[in-house]
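This is start32.cif (mmCIF, C-alpha atoms and all ligand atoms).
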data_input
loop_
_atom_site.label_atom_id
_atom_site.label_comp_id
_atom_site.auth_asym_id
_atom_site.auth_seq_id
_atom_site.Cartn_x
_atom_site.Cartn_y
_atom_site.Cartn_z
CA MET A 26 183.02 0.07 18.73
CA THR A 27 179.94 0.51 20.88
CA TYR A 28 179.49 0.11 24.62
CA LYS A 29 176.39 -0.72 26.59
CA LEU A 30 177.92 -0.13 29.95
CA SER A 31 175.16 1.11 32.20
CA ASN A 32 172.98 -1.94 31.58
CA ASN A 33 175.41 -3.96 33.59
CA ALA A 34 174.07 -4.54 37.11
CA ILE A 35 177.56 -5.10 38.48
CA ARG A 36 178.59 -1.68 37.26
CA ILE A 37 175.55 -0.01 38.77
CA SER A 38 176.22 -1.58 42.15
CA GLY A 39 179.92 -0.70 41.80
CA ILE A 40 179.26 3.00 41.39
CA LEU A 41 176.61 2.94 44.10
CA ASP A 42 178.97 1.33 46.62
CA ARG A 43 181.65 3.83 45.82
CA PHE A 44 179.24 6.76 46.15
CA LEU A 45 177.92 5.48 49.50
CA ARG A 46 181.47 5.23 50.83
CA TYR A 47 182.30 8.78 49.78
CA VAL A 48 179.21 10.56 51.13
CA THR A 49 179.77 9.38 54.68
CA VAL A 50 183.06 11.31 54.77
CA ASP A 51 182.62 14.89 55.95
CA THR A 52 184.26 17.29 53.47
CA THR A 53 182.57 20.55 54.45
CA PRO A 54 184.73 23.58 53.60
CA ASP A 55 185.39 26.35 56.12
CA GLU A 56 184.60 29.82 54.79
CA THR A 57 186.38 31.51 57.67
CA SER A 58 189.70 29.84 56.87
CA ARG A 59 192.26 31.55 54.64
CA SER A 60 194.14 28.35 53.79
CA THR A 61 193.62 25.92 50.88
CA PRO A 62 192.03 23.53 51.33
CA SER A 63 189.93 25.52 53.77
CA SER A 64 189.40 22.44 55.97
CA GLU A 65 191.78 19.62 56.84
CA ARG A 66 189.04 17.02 56.32
CA GLN A 67 189.07 17.84 52.58
CA ARG A 68 192.82 17.24 52.40
CA ILE A 69 192.37 13.87 54.12
CA PHE A 70 189.61 12.79 51.74
CA LEU A 71 191.63 14.00 48.74
CA ALA A 72 194.63 11.97 49.95
CA ARG A 73 192.39 8.93 50.14
CA LEU A 74 191.28 9.49 46.53
CA ALA A 75 194.93 9.74 45.49
CA GLY A 76 195.54 6.38 47.19
CA GLU A 77 192.61 4.80 45.35
CA LEU A 78 193.82 6.14 42.01
CA SER A 79 197.24 4.57 42.63
CA THR A 80 195.62 1.26 43.57
CA LEU A 81 193.58 1.33 40.36
CA GLY A 82 196.81 1.69 38.39
CA ALA A 83 196.65 5.36 37.42
CA ALA A 84 199.96 7.05 36.55
CA ASP A 85 201.47 10.35 37.83
CA VAL A 86 199.23 10.45 40.90
CA THR A 87 199.99 13.67 42.79
CA GLN A 88 198.54 15.73 45.61
CA ASP A 89 199.92 19.27 45.74
CA GLU A 90 200.34 21.53 48.76
CA HIS A 91 196.82 22.91 48.29
CA GLY A 92 195.30 19.43 48.35
CA TYR A 93 194.50 19.17 44.62
CA VAL A 94 194.79 15.61 43.34
CA MET A 95 195.77 14.92 39.72
CA ALA A 96 196.37 11.64 37.91
CA THR A 97 196.78 10.21 34.43
CA ILE A 98 195.08 7.37 32.62
CA PRO A 99 197.78 6.68 30.04
CA ALA A 100 196.87 6.71 26.35
CA THR A 101 196.00 3.35 24.78
CA SER A 102 195.58 4.60 21.21
CA SER A 103 198.28 4.07 18.63
CA ARG A 104 197.16 7.18 16.78
CA GLN A 105 199.29 10.30 16.85
CA GLY A 106 197.92 13.61 17.97
CA VAL A 107 195.00 12.54 20.15
CA PRO A 108 194.61 15.52 22.52
CA ALA A 109 194.71 14.94 26.26
CA ILE A 110 191.35 15.62 27.89
CA GLY A 111 190.47 16.01 31.56
CA PHE A 112 187.67 15.23 34.01
CA ILE A 113 187.22 17.26 37.18
CA ALA A 114 185.01 17.04 40.28
CA HIS A 115 185.04 18.90 43.59
CA VAL A 116 185.16 17.02 46.88
CA ASP A 117 183.64 19.67 49.16
CA THR A 118 179.93 19.91 49.91
CA SER A 119 177.85 23.03 50.54
CA PRO A 120 178.52 24.69 53.93
CA GLU A 121 174.86 25.86 53.95
CA MET A 122 173.78 22.49 55.37
CA PRO A 123 175.46 20.02 57.75
CA GLY A 124 177.76 17.49 56.11
CA THR A 125 178.66 15.62 59.29
CA GLY A 126 177.12 12.25 60.03
CA VAL A 127 175.56 11.76 56.60
CA ARG A 128 173.43 8.59 56.65
CA PRO A 129 172.65 7.70 53.02
CA ILE A 130 169.52 5.68 52.37
CA VAL A 131 169.12 3.57 49.23
CA HIS A 132 165.55 3.23 47.98
CA ARG A 133 165.96 0.22 45.69
CA ALA A 134 163.81 -0.05 42.56
CA TRP A 135 161.76 2.96 43.64
CA ASP A 136 158.03 2.42 43.15
CA GLY A 137 157.01 6.09 42.92
CA GLN A 138 155.70 6.33 46.50
CA ASP A 139 156.70 9.22 48.78
CA LEU A 140 160.28 8.88 49.98
CA MET A 141 160.22 9.45 53.73
CA LEU A 142 163.35 10.77 55.42
CA PRO A 143 163.42 9.00 58.79
CA ASP A 144 165.36 11.58 60.82
CA ALA A 145 163.02 14.42 59.83
CA PRO A 146 159.44 13.34 60.54
CA GLY A 147 157.01 14.69 57.96
CA VAL A 148 159.74 15.50 55.45
CA ALA A 149 159.41 13.55 52.22
CA LEU A 150 160.30 13.64 48.57
CA ARG A 151 157.10 13.55 46.58
CA LEU A 152 156.65 12.81 42.91
CA ALA A 153 153.98 15.52 42.65
CA GLU A 154 156.40 18.17 43.93
CA GLN A 155 159.52 17.03 42.08
CA PRO A 156 159.04 16.79 38.32
CA GLU A 157 162.58 15.41 37.89
CA LEU A 158 161.54 12.29 39.79
CA ARG A 159 159.18 11.30 36.98
CA SER A 160 161.86 9.51 34.99
CA GLN A 161 163.19 7.72 38.09
CA VAL A 162 160.56 5.09 38.85
CA GLY A 163 162.34 1.72 39.00
CA HIS A 164 165.72 3.28 39.74
CA ASP A 165 167.78 2.89 42.90
CA LEU A 166 167.50 6.33 44.47
CA VAL A 167 169.69 7.65 47.24
CA THR A 168 168.70 10.30 49.77
CA ALA A 169 170.12 11.43 53.11
CA SER A 170 168.16 10.75 56.29
CA GLY A 171 166.66 14.22 56.70
CA THR A 172 169.07 16.23 58.86
CA THR A 173 172.07 16.58 56.56
CA LEU A 174 172.99 17.05 52.96
CA LEU A 175 173.47 13.93 50.89
CA GLY A 176 176.51 15.42 49.21
CA ALA A 177 175.76 14.14 45.70
CA ASP A 178 177.03 17.62 44.83
CA ASP A 179 179.70 16.67 44.05
CA LYS A 180 180.48 13.19 45.44
CA ALA A 181 178.42 11.85 42.52
CA GLY A 182 180.91 13.45 40.15
CA VAL A 183 183.86 12.14 42.17
CA ALA A 184 182.46 8.58 42.16
CA GLU A 185 181.70 8.73 38.42
CA ILE A 186 185.17 9.88 37.44
CA MET A 187 186.72 7.28 39.74
CA SER A 188 184.55 4.48 38.30
CA ALA A 189 185.34 5.59 34.74
CA ALA A 190 189.05 5.58 35.61
CA GLU A 191 188.72 2.09 37.05
CA TYR A 192 186.93 0.91 33.90
CA LEU A 193 189.38 2.44 31.44
CA LEU A 194 192.42 1.19 33.37
CA ALA A 195 190.94 -2.32 33.43
CA HIS A 196 190.20 -2.21 29.68
CA PRO A 197 193.32 -1.10 27.84
CA GLU A 198 191.81 -2.53 24.64
CA ILE A 199 189.55 0.55 24.49
CA PRO A 200 191.53 3.09 22.44
CA HIS A 201 191.75 6.59 23.90
CA GLY A 202 194.26 9.38 24.28
CA ARG A 203 195.85 10.57 27.51
CA VAL A 204 193.14 11.22 30.09
CA ARG A 205 193.77 13.49 33.05
CA VAL A 206 191.75 13.43 36.25
CA ALA A 207 191.55 16.11 38.96
CA PHE A 208 189.79 16.32 42.30
CA THR A 209 189.62 19.78 43.85
CA PRO A 210 188.62 21.44 47.14
CA ASP A 211 186.54 24.51 48.05
CA GLU A 212 184.28 24.87 45.01
CA GLU A 213 181.28 25.67 47.17
CA ILE A 214 183.01 28.69 48.70
CA GLY A 215 184.07 29.97 45.27
CA ARG A 216 187.76 29.12 45.54
CA GLY A 217 187.95 25.82 43.65
CA ALA A 218 189.84 27.20 40.68
CA ASP A 219 192.16 29.48 42.72
CA HIS A 220 195.07 27.06 42.88
CA PHE A 221 194.26 24.84 39.90
CA ASP A 222 197.51 24.43 37.99
CA VAL A 223 196.25 24.44 34.40
CA GLU A 224 199.72 24.00 32.95
CA ARG A 225 200.56 21.00 35.08
CA PHE A 226 197.15 19.47 34.32
CA GLY A 227 198.22 19.58 30.70
CA ALA A 228 194.92 18.90 28.95
CA ALA A 229 193.47 20.54 25.85
CA CYS A 230 190.10 20.80 27.57
CA ALA A 231 188.25 19.37 30.54
CA TYR A 232 184.77 18.49 31.70
CA THR A 233 183.44 19.02 35.21
CA LEU A 234 180.97 16.36 36.34
CA ASP A 235 178.79 18.53 38.52
CA GLY A 236 175.40 18.86 36.86
CA GLY A 237 171.86 17.65 37.37
CA GLU A 238 169.59 15.75 35.08
CA CYS A 239 170.67 12.87 32.86
CA GLY A 240 171.81 14.09 29.44
CA GLU A 241 172.56 17.64 30.55
CA LEU A 242 175.44 19.55 28.99
CA GLU A 243 176.06 23.03 30.33
CA VAL A 244 178.12 25.42 28.23
CA GLU A 245 176.83 28.76 29.48
CA SER A 246 177.08 30.31 32.91
CA PHE A 247 176.29 33.71 34.29
CA SER A 248 178.78 36.52 34.10
CA ALA A 249 179.09 37.88 37.60
CA ASP A 250 180.21 40.98 39.47
CA ALA A 251 179.89 41.89 43.14
CA MET A 252 178.87 45.49 43.82
CA THR A 253 179.12 47.31 47.14
CA VAL A 254 177.29 50.62 47.55
CA THR A 255 178.29 52.45 50.74
CA PHE A 256 176.28 55.44 51.94
CA HIS A 257 177.99 57.84 54.32
CA GLY A 258 175.67 59.89 56.53
CA PHE A 259 176.20 62.08 59.55
CA ASN A 260 175.37 60.93 63.06
CA THR A 261 174.56 63.15 66.02
CA HIS A 262 172.44 62.89 69.19
CA PRO A 263 168.93 62.11 67.91
CA GLY A 264 167.39 64.55 70.42
CA TYR A 265 169.28 67.43 68.83
CA ALA A 266 169.49 66.20 65.28
CA LYS A 267 167.17 68.58 63.49
CA GLY A 268 168.76 69.86 60.34
CA LYS A 269 172.00 68.04 61.11
CA MET A 270 171.61 64.26 61.00
CA VAL A 271 171.95 62.48 57.68
CA ASN A 272 170.84 58.86 58.12
CA ALA A 273 172.75 56.40 55.94
CA ILE A 274 170.19 53.67 56.71
CA GLY A 275 167.45 55.86 55.23
CA MET A 276 169.48 56.46 52.07
CA ALA A 277 170.19 52.75 51.72
CA SER A 278 166.50 51.83 52.13
CA ALA A 279 165.47 54.40 49.53
CA PHE A 280 168.15 52.97 47.25
CA VAL A 281 166.95 49.36 47.64
CA ASP A 282 163.34 50.38 46.98
CA ALA A 283 164.14 52.49 43.93
CA LEU A 284 166.40 49.78 42.54
CA ALA A 285 163.79 47.01 42.77
CA ALA A 286 161.47 49.16 40.64
CA ARG A 287 164.10 49.63 37.93
CA VAL A 288 166.08 46.38 37.57
CA PRO A 289 165.14 42.66 37.61
CA THR A 290 165.54 40.74 40.89
CA PRO A 291 166.12 36.98 41.45
CA GLU A 292 162.59 36.19 42.60
CA ARG A 293 161.19 37.60 39.36
CA THR A 294 163.58 36.05 36.83
CA ASP A 295 164.53 32.72 35.29
CA GLY A 296 165.88 31.24 32.02
CA TYR A 297 168.17 33.72 30.27
CA GLU A 298 167.23 36.76 32.38
CA GLY A 299 169.87 38.28 34.62
CA PHE A 300 169.32 40.20 37.85
CA LEU A 301 170.66 42.52 40.51
CA HIS A 302 170.37 40.97 43.94
CA VAL A 303 170.62 42.86 47.23
CA HIS A 304 171.90 40.14 49.55
CA ALA A 305 173.44 41.83 52.57
CA MET A 306 173.57 45.13 54.40
CA ASP A 307 175.76 46.47 57.24
CA SER A 308 173.90 49.39 58.68
CA SER A 309 174.43 52.31 60.98
CA VAL A 310 173.38 55.96 60.79
CA GLU A 311 176.93 57.00 59.96
CA ARG A 312 177.65 54.36 57.33
CA THR A 313 175.54 51.73 55.55
CA SER A 314 176.91 49.29 52.98
CA VAL A 315 174.59 47.49 50.59
CA ARG A 316 176.07 44.40 48.95
CA LEU A 317 174.73 43.29 45.59
CA LEU A 318 175.27 40.42 43.20
CA VAL A 319 175.12 41.43 39.55
CA ARG A 320 174.35 38.56 37.17
CA ASP A 321 173.66 38.23 33.45
CA PHE A 322 174.50 35.94 30.53
CA VAL A 323 175.62 38.98 28.50
CA THR A 324 178.69 40.48 30.15
CA ALA A 325 178.01 43.99 28.79
CA THR A 326 174.65 44.02 30.59
CA LEU A 327 176.43 43.87 33.96
CA LYS A 328 177.88 47.33 33.35
CA GLU A 329 174.50 48.73 32.22
CA ARG A 330 172.81 47.55 35.42
CA GLU A 331 175.67 48.78 37.58
CA ASP A 332 175.37 52.20 35.92
CA VAL A 333 171.64 52.32 36.70
CA ALA A 334 172.34 51.39 40.33
CA GLU A 335 175.08 53.98 40.59
CA ARG A 336 172.87 56.77 39.17
CA ILE A 337 170.10 55.95 41.65
CA ALA A 338 172.56 55.88 44.56
CA ARG A 339 174.13 59.21 43.63
CA GLU A 340 170.73 60.92 43.18
CA ILE A 341 169.64 59.77 46.64
CA ALA A 342 172.90 60.74 48.33
CA SER A 343 172.90 64.22 46.84
CA ARG A 344 169.21 64.75 47.65
CA GLU A 345 169.79 63.75 51.30
CA GLY A 346 173.08 65.59 51.74
CA GLY A 347 175.15 62.42 52.17
CA ARG A 348 177.86 60.78 50.16
CA VAL A 349 178.14 57.45 48.35
CA GLU A 350 181.03 55.17 47.42
CA ILE A 351 180.77 52.44 44.80
CA ARG A 352 182.96 49.40 44.50
CA ILE A 353 182.73 46.73 41.78
CA ASP A 354 184.60 43.42 41.88
CA SER A 355 184.62 41.15 38.85
CA GLN A 356 183.79 37.55 39.91
CA TYR A 357 183.52 35.29 36.85
CA ARG A 358 182.43 35.40 33.21
CA ASN A 359 180.11 33.36 30.98
CA MET A 360 182.16 30.35 29.84
CA ARG A 361 180.37 30.47 26.46
CA GLU A 362 182.71 33.32 25.47
CA VAL A 363 185.60 30.82 25.63
CA LEU A 364 183.77 27.66 24.50
CA GLU A 365 182.58 29.35 21.30
CA GLN A 366 186.22 29.41 20.25
CA HIS A 367 186.52 25.64 20.88
CA PRO A 368 183.41 24.15 19.27
CA THR A 369 184.84 20.59 19.23
CA VAL A 370 184.90 20.53 23.03
CA VAL A 371 181.14 20.98 23.10
CA GLU A 372 180.33 18.91 19.99
CA ASN A 373 182.24 15.89 21.30
CA ALA A 374 180.40 16.02 24.61
CA ALA A 375 177.07 16.16 22.80
CA GLU A 376 178.10 13.18 20.67
CA ALA A 377 179.13 11.16 23.75
CA ILE A 378 175.77 11.86 25.41
CA ARG A 379 173.96 10.65 22.27
CA ARG A 380 176.13 7.50 22.09
CA ALA A 381 175.16 6.75 25.68
CA GLY A 382 171.57 6.67 24.40
CA LEU A 383 170.50 9.84 26.20
CA ASP A 384 168.57 12.90 25.09
CA LEU A 385 170.87 15.89 25.03
CA ARG A 386 169.66 18.73 27.26
CA ARG A 387 171.30 22.11 27.11
CA ARG A 388 170.47 24.56 29.81
CA PRO A 389 172.19 27.76 30.94
CA ILE A 390 173.69 27.61 34.44
CA ARG A 391 172.16 30.37 36.53
CA GLY A 392 175.33 30.60 38.55
CA GLY A 393 178.99 29.91 38.06
CA THR A 394 181.04 26.74 38.16
CA ASP A 395 184.73 26.09 38.49
CA GLY A 396 184.46 25.49 34.75
CA SER A 397 183.62 29.15 34.12
CA ARG A 398 186.81 30.20 35.91
CA LEU A 399 188.95 27.42 34.39
CA SER A 400 187.74 28.27 30.88
CA PHE A 401 189.10 31.79 31.31
CA MET A 402 192.33 30.38 32.79
CA GLY A 403 192.99 28.60 29.48
CA LEU A 404 191.26 25.28 30.07
CA PRO A 405 187.92 25.17 28.19
CA THR A 406 185.65 23.32 30.65
CA PRO A 407 181.93 22.73 30.09
CA ASN A 408 179.87 20.93 32.73
CA LEU A 409 178.33 17.47 32.34
CA PHE A 410 175.44 15.98 34.31
CA ALA A 411 176.32 13.97 37.40
CA GLY A 412 172.79 13.15 38.57
CA GLU A 413 172.62 15.71 41.40
CA HIS A 414 169.17 16.94 42.37
CA ASN A 415 167.88 19.40 45.04
CA ILE A 416 171.44 20.40 45.77
CA HIS A 417 172.27 22.27 49.01
CA SER A 418 169.11 20.86 50.59
CA ARG A 419 168.19 18.02 52.92
CA LEU A 420 165.97 16.82 50.05
CA GLU A 421 169.04 16.18 47.91
CA TRP A 422 168.89 12.91 45.95
CA THR A 423 170.58 10.99 43.17
CA SER A 424 170.07 7.81 41.20
CA ALA A 425 172.51 4.91 40.80
CA GLN A 426 171.37 4.37 37.22
CA ASP A 427 172.01 8.02 36.30
CA MET A 428 175.45 7.86 37.89
CA ALA A 429 176.22 4.76 35.81
CA ARG A 430 175.13 6.67 32.69
CA ALA A 431 177.47 9.50 33.55
CA VAL A 432 180.28 6.92 33.68
CA ASP A 433 179.20 5.78 30.18
CA VAL A 434 179.38 9.34 28.89
CA ILE A 435 182.95 9.72 30.21
CA VAL A 436 184.03 6.49 28.46
CA HIS A 437 182.27 7.46 25.22
CA LEU A 438 183.81 10.91 25.34
CA CYS A 439 187.31 9.44 25.53
CA ARG A 440 186.45 7.37 22.44
CA VAL A 441 184.98 10.31 20.50
CA TRP A 442 188.15 12.37 21.02
CA GLU A 443 190.30 9.47 19.88
CA GLU A 444 188.26 8.85 16.74
CA GLY A 445 188.35 12.53 15.85
CA ALA A 446 192.13 12.77 15.95
ZN ZN B 1 178.88 21.22 42.73
#
Could you quickly redo this structure as structure tokens?
Amino acid sequence: MTYKLSNNAIRISGILDRFLRYVTVDTTPDETSRSTPSSERQRIFLARLAGELSTLGAADVTQDEHGYVMATIPATSSRQGVPAIGFIAHVDTSPEMPGTGVRPIVHRAWDGQDLMLPDAPGVALRLAEQPELRSQVGHDLVTASGTTLLGADDKAGVAEIMSAAEYLLAHPEIPHGRVRVAFTPDEEIGRGADHFDVERFGAACAYTLDGGECGELEVESFSADAMTVTFHGFNTHPGYAKGKMVNAIGMASAFVDALAARVPTPERTDGYEGFLHVHAMDSSVERTSVRLLVRDFVTATLKEREDVAERIAREIASREGGRVEIRIDSQYRNMREVLEQHPTVVENAAEAIRRAGLDLRRRPIRGGTDGSRLSFMGLPTPNLFAGEHNIHSRLEWTSAQDMARAVDVIVHLCRVWEEGA
């Protein structure tokens, strides 16, 4: 059975309407909060999604005490042993940019001219500066108005999963196994997987819809540690400091300089190269902490780079008569290590993308996703494209046609799993 879903204009306008409704709701997380969800506005939006799922006819719709929404699209296949699969999107948007008062603008059948953002004079999306726009001429593009995020990351994913659920529930003649859906808070502040109940979700695998370009399938992420190097000096009155003062700021500066000469840094790396990134410093003469992000696709390389950094720090501290303390916190690991043990999860996604008539693109994620954490929590979870571009920026944009294609991929994926059982 084949489907040509995205060619249907009604479906394109359906997903667009849904997306436009969602992006005007503020779901910014609050990094300073210790609770989950970190902001009440996320819980409210999640409750609304739960209500919509019930209205669409989904089963087992729940919202737990942490705000997470889960639901079931019951199996329609008569075959035994079709595994349950899941689809996941996060409702929060990046706290790096305002998410209040989002005014989405639809540029219908885009002609390739500069896309002006009316609330930010002089700011425009230009074809010459955005190679990913090349394939978008003729599409209905959506941007914000120039002062906020759009929030396609990840409201596009939310809208796509919701539209796919609506489609599958309205077409029980399409055979598929049990499909689970989850909407989660606080991905952008790194806590999206913290309270995800993998057991209750009850799926053999899942797919996050939180990627960029049409046809993308992401099965590799960075492995990540956080490293804190704290230099302890000795402070005394600077007028009478000769031979006594040991300046922790000086040791930290020497450390940062020496490090940059020995290990790769973000501004000099791309593709499969990892890096060590000095991203924050708390400084005083007595005590200076340098905070670093350690990233690589090969987990063992993290340790090698941390050892180099530690050696440099200790050399400097002993030369200057100070002391150094090193702390390493494991953050997340390359999901490939898990997905390699579940090749069908990746193969089926690739097949669904092909059936949707798209070119498969595989690109490593130079960061982490909830999927990297979930994979190591026992739920193998690669990431599928959702049509998000220029994320975390006021130049963020998406395309209604790409969102409709993502819906196609979800429907095809449900079919591929059923056929393979
Ligand atoms: Zn995202």
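With only C-alpha atoms as the basis for measurement, A:Asp51 is the residue among A:Asp179, A:Asp51, A:Asp427, A:Glu65 that approaches A:Val127 most closely.
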Neighbour residues at most 10 Å from (188.3, 28.3, 51.5) (all atoms listed in the file) as JSON, numbers by chain: {"A": [54, 55, 56, 57, 58, 59, 60, 61, 62, 63, 64, 210, 211, 212, 213, 214, 215, 216, 217, 219]}
Shell of 8 Å around ligand ZN 1 (chain B) (all atoms listed in the file), written as a PyMOL selection string: chain A and resi 114-115+118+178-179+212-213+235-236+394
Output C-alpha atoms for every residue in that selection, as a PDB file, in the coordinates of the input.
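Okay, again22.pdb is ready:
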ATOM      1  CA  ALA A 114     185.010  17.040  40.280  1.00  0.00           C
ATOM      2  CA  HIS A 115     185.040  18.900  43.590  1.00  0.00           C
ATOM      3  CA  THR A 118     179.930  19.910  49.910  1.00  0.00           C
ATOM      4  CA  ASP A 178     177.030  17.620  44.830  1.00  0.00           C
ATOM      5  CA  ASP A 179     179.700  16.670  44.050  1.00  0.00           C
ATOM      6  CA  GLU A 212     184.280  24.870  45.010  1.00  0.00           C
ATOM      7  CA  GLU A 213     181.280  25.670  47.170  1.00  0.00           C
ATOM      8  CA  ASP A 235     178.790  18.530  38.520  1.00  0.00           C
ATOM      9  CA  GLY A 236     175.400  18.860  36.860  1.00  0.00           C
ATOM     10  CA  THR A 394     181.040  26.740  38.160  1.00  0.00           C
TER      11      THR A 394
END
Within 9 Å of A:Ser103 using all atoms listed in the file, minus same-chain residues under 3 positions, as a PyMOL selection string: chain A and resi 100+200-202
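Minimum distance to A:Thr97 across A:Val370, A:Val148, A:Val441, A:Ile186 (counting only C-alpha atoms) occurs at A:Ile186.
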Counting all atoms listed in the file, the option among A:Thr209, A:Leu318, A:Pro289, A:Phe259 closest to A:Asp395: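 Nearest candidate to A:Asp395 out of A:Thr209, A:Leu318, A:Pro289, A:Phe259: A:Thr209.
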Cut-off 12 Å: closest stretch 178-252 of chain A/stretch 299-313 of chain A atom pairs per residue, using all atoms listed in the file, as a tab-separated table:
residue	atom	partner	partner_atom	distance
A:Ser246	CA	A:Gly299	CA	10.9
A:Phe247	CA	A:Gly299	CA	7.9
A:Ser248	CA	A:Gly299	CA	9.1
A:Ala249	CA	A:Gly299	CA	9.7
A:Asp250	CA	A:Leu301	CA	9.7
A:Ala251	CA	A:His302	CA	9.6
A:Met252	CA	A:Val303	CA	9.3
Spatial neighbours of A:Asn373, 8 Å, all atoms listed in the file, chain gap at least 3 places, as a list in words: Thr369, Val370, Glu376, Ala377, Leu438, Val441 and Trp442 of chain A
Using only C-alpha atoms, find all polymer residues with an atom at most 10 Å away from the point (190.1, 2.5, 31.1); report them as a JSON list (two decimals) with C-alpha atoms, in the frame of the given file.
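To be explicit, this is the file written out as part.json:
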[["chain", "number", "residue", "atom", "x", "y", "z"],
["A", 81, "LEU", "CA", 193.58, 1.33, 40.36],
["A", 82, "GLY", "CA", 196.81, 1.69, 38.39],
["A", 83, "ALA", "CA", 196.65, 5.36, 37.42],
["A", 98, "ILE", "CA", 195.08, 7.37, 32.62],
["A", 99, "PRO", "CA", 197.78, 6.68, 30.04],
["A", 100, "ALA", "CA", 196.87, 6.71, 26.35],
["A", 101, "THR", "CA", 196.00, 3.35, 24.78],
["A", 188, "SER", "CA", 184.55, 4.48, 38.30],
["A", 189, "ALA", "CA", 185.34, 5.59, 34.74],
["A", 190, "ALA", "CA", 189.05, 5.58, 35.61],
["A", 191, "GLU", "CA", 188.72, 2.09, 37.05],
["A", 192, "TYR", "CA", 186.93, 0.91, 33.90],
["A", 193, "LEU", "CA", 189.38, 2.44, 31.44],
["A", 194, "LEU", "CA", 192.42, 1.19, 33.37],
["A", 195, "ALA", "CA", 190.94, -2.32, 33.43],
["A", 196, "HIS", "CA", 190.20, -2.21, 29.68],
["A", 197, "PRO", "CA", 193.32, -1.10, 27.84],
["A", 198, "GLU", "CA", 191.81, -2.53, 24.64],
["A", 199, "ILE", "CA", 189.55, 0.55, 24.49],
["A", 200, "PRO", "CA", 191.53, 3.09, 22.44],
["A", 201, "HIS", "CA", 191.75, 6.59, 23.90],
["A", 204, "VAL", "CA", 193.14, 11.22, 30.09],
["A", 436, "VAL", "CA", 184.03, 6.49, 28.46],
["A", 439, "CYS", "CA", 187.31, 9.44, 25.53]]
Of the listed residues A:Lys180, A:Arg344, A:Arg386, A:Arg358, that which approaches A:Phe208 most closely, counting all atoms listed in the file: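 Of A:Lys180, A:Arg344, A:Arg386, A:Arg358, the one nearest A:Phe208 is A:Lys180, counting all atoms listed in the file.
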Separation of atom CA of A:Ser38 from atom CA of A:Tyr232, in Å and rounded to one decimal: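 Atom-to-atom, atom CA of A:Ser38 and atom CA of A:Tyr232 are spaced 24.2 Å apart.
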Computed interatomic separation between atom CA of A:Val432 and atom CA of A:Leu74 (Å):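 Interatomic distance here is 17.1 Å.
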Build an axis-aligned box that encloses every atom of stretch 384-387 of chain A listed in the file, pad it by 8 Å on each side, and report its centre and edge lengths in Å to one decimal, as JSON.
{"center_x": 169.9, "center_y": 17.5, "center_z": 26.1, "size_x": 18.7, "size_y": 25.2, "size_z": 18.2}
